[in-house]
Structures are given as structure tokens and as C-alpha cells.
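S.K.: Supplied in C-alpha cells, the structure appears directly below.
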Amino acid sequence: MARAAGVAAHEPHIDASEFDAIYFTGGHAVMWDFPDNEGLQRITRAIHERGGIVSSVCHGYCGLLDTRLADGTLLVAGRRVTGFSWREEVLAGVAAKMPYNAEEEMKRRGARYEKAWLPFVSNVVVDGRLVTGQNPTSAKATAEHVADLLK
């Protein structure tokens, strides 16, 4: 049976080999908490390199910004991804409070960032075993894609 590692579990004793997927949740706070978390990067790298699924929704993609693979390349470089767009930050009235523009940071790392033409509609991007959802309305569809890949 497939198990997914939840990113809320930050304990260093997590054995990534026990998990088939990791799902990075959203929320603005993760913009501060996820990018520099070496434990999450280690778990993500291990799951990905074992053939597991890496996924995120909304701001959760900030947890993928600095995740490097064993060869030193960034996990997101050259990959199709989505996550909460800068336009959505502006429309939500919170852009001035954000520590960085996550959409631009993804692009700077070589990710092929995509977003829905209309803000706040469900949008999921699947690039092999990398599954990302744009915003909160994308959570269900993102989870369904992950579940399909786990079958």
C-alpha cells in the first residue's frame, strides 16, 4: 500500500524509504518555512530518486525551490510546474507582504512555470512524477493526480 509523507512531519528520524510520495501543502507561511528546510529537501530528494512522486499545491511549491538532486541539479530545473501566481498574490491584496515572488523564483531556477489564464481557477501541471497545483481550488485535482500515479 502506498504511503505519502506529509510535510508537517519535520522530525529528522523520518525514513524517506517508507514513502511513495510527498505532498507539500500550501498557505503563505510555507514561503518562510519550506525553502531552507534541509530535512524536507533530503526527504524530497530521496523519494524522487527512488521513483516516488513529488507534489505540491498552492504555495507548497516553495518547498521545491532549492531541492537539489544527488547530482547537484535543482529538481525543478527544466520541469513544468505551477503554484500560486504573482497575479493571484496581487489580486488577494497580499503581494506587498510576501518575502519574494515565488513564481519568479521558480523561473530563476529554470522551472517552466505555467499558470491558468484566469486566476483562482483549478490548474494542475503534471510533469512525470512531479505534480503541482496552482492554488487552493487545485487541491482536490492535485491529490487525485497523485492518487492516480500511486495506483
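Lettering and numbering for the C-alpha cells are positional, with chains as A, B, ... in the shown order, residues counted from 1 in each chain, and ligands counted from 1 in the shown order.
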I'd like the neighbourhood of Cys58 in chain A as a ChimeraX atom specification, where a residue qualifies if any of its atoms comes within 6 Å (using only C-alpha atoms), though same-chain residues fewer than 5 positions away should be ignored.
M.R.: /A:26,83-84,133-136
S.K.: List the neighbours of Gly60 in chain A out to 12 Å using only C-alpha atoms; skip same-chain residues closer than 6 positions along the sequence, and give me the result as a PyMOL selection string.
M.R.: chain A and resi 6-8+22-35+40+54+81-85+102-103+131-136+138-139+142
S.K.: Dump C-alpha atoms for the selected residues as a short mmCIF file (atom, residue, chain, number, x, y, z; two decimals), in the first residue's frame?
M.R.:
data_model
loop_
_atom_site.label_atom_id
_atom_site.label_comp_id
_atom_site.auth_asym_id
_atom_site.auth_seq_id
_atom_site.Cartn_x
_atom_site.Cartn_y
_atom_site.Cartn_z
CA GLY A 6 3.24 14.79 4.93
CA VAL A 7 5.45 17.86 5.14
CA ALA A 8 4.08 18.73 8.56
CA ILE A 22 5.43 13.70 -0.65
CA TYR A 23 2.74 16.39 -0.83
CA PHE A 24 3.70 19.96 0.06
CA THR A 25 0.73 21.85 1.43
CA GLY A 26 0.06 25.50 0.73
CA GLY A 27 -0.53 28.61 2.78
CA HIS A 28 1.54 31.76 2.89
CA ALA A 29 3.59 30.65 5.93
CA VAL A 30 5.34 27.95 3.91
CA MET A 31 7.08 30.69 1.92
CA TRP A 32 9.19 31.20 5.03
CA ASP A 33 9.22 27.63 6.40
CA PHE A 34 9.86 25.38 3.39
CA PRO A 35 12.62 26.75 1.11
CA LEU A 40 12.36 18.39 3.69
CA VAL A 54 6.78 14.81 -5.52
CA VAL A 81 5.43 23.39 -12.55
CA THR A 82 2.71 25.62 -11.21
CA GLY A 83 1.88 27.22 -7.88
CA PHE A 84 0.25 30.36 -6.54
CA SER A 85 0.90 33.04 -9.15
CA ALA A 102 7.57 32.62 -5.81
CA GLU A 103 6.58 32.50 -9.49
CA VAL A 131 2.55 17.05 -9.73
CA THR A 132 1.81 20.68 -8.84
CA GLY A 133 -1.44 22.57 -8.30
CA GLN A 134 -1.73 26.32 -8.72
CA ASN A 135 -3.99 27.44 -5.88
CA PRO A 136 -6.40 26.24 -3.18
CA SER A 138 -6.50 22.97 -7.31
CA ALA A 139 -6.04 20.87 -4.15
CA THR A 142 -3.78 17.67 -7.46
#
S.K.: For the atom pair CA of Asn123 in chain A and CA of Ala147 in chain A, what is the interatomic distance in Å to one decimal place?
M.R.: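 Interatomic distance, CA of Asn123 in chain A to CA of Ala147 in chain A: 16.5 Å.
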S.K.: A:Glu104, A:Asp127, A:Asp66, A:Asp36: which is nearest His145 in chain A, counting only C-alpha atoms?
M.R.: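 The answer is A:Asp127, which sits nearest to His145 in chain A.
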S.K.: Let me make sure I understand: among A:Leu65, A:Arg79, A:Thr137, A:Leu149, which one has the smallest atom-to-atom distance to Tyr100 in chain A if we use only C-alpha atoms?
M.R.: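 Of the candidates, the smallest distance to Tyr100 in chain A is held by A:Leu65.
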S.K.: Pick from A:Ile43, A:Val76, A:Cys62, A:Ala96: nearest to Arg129 in chain A, with only C-alpha atoms counted?
M.R.: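 Of A:Ile43, A:Val76, A:Cys62, A:Ala96, the one nearest Arg129 in chain A, counting only C-alpha atoms, is A:Val76.
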S.K.: How many Å lie between CA of Val121 in chain A and CA of Tyr61 in chain A, rounded to one decimal?
M.R.: 17.1 Å
S.K.: One decimal, Å: what's the distance from CA of Arg42 in chain A over to CA of Arg80 in chain A, could you say?
M.R.: 21.2 Å
S.K.: Please return as a ChimeraX atom specification: the residues of range 17-111 of chain A that backbone DSSP assigns to strand (DSSP E or B).
M.R.: /A:21-24,53-57,68,74,80-81
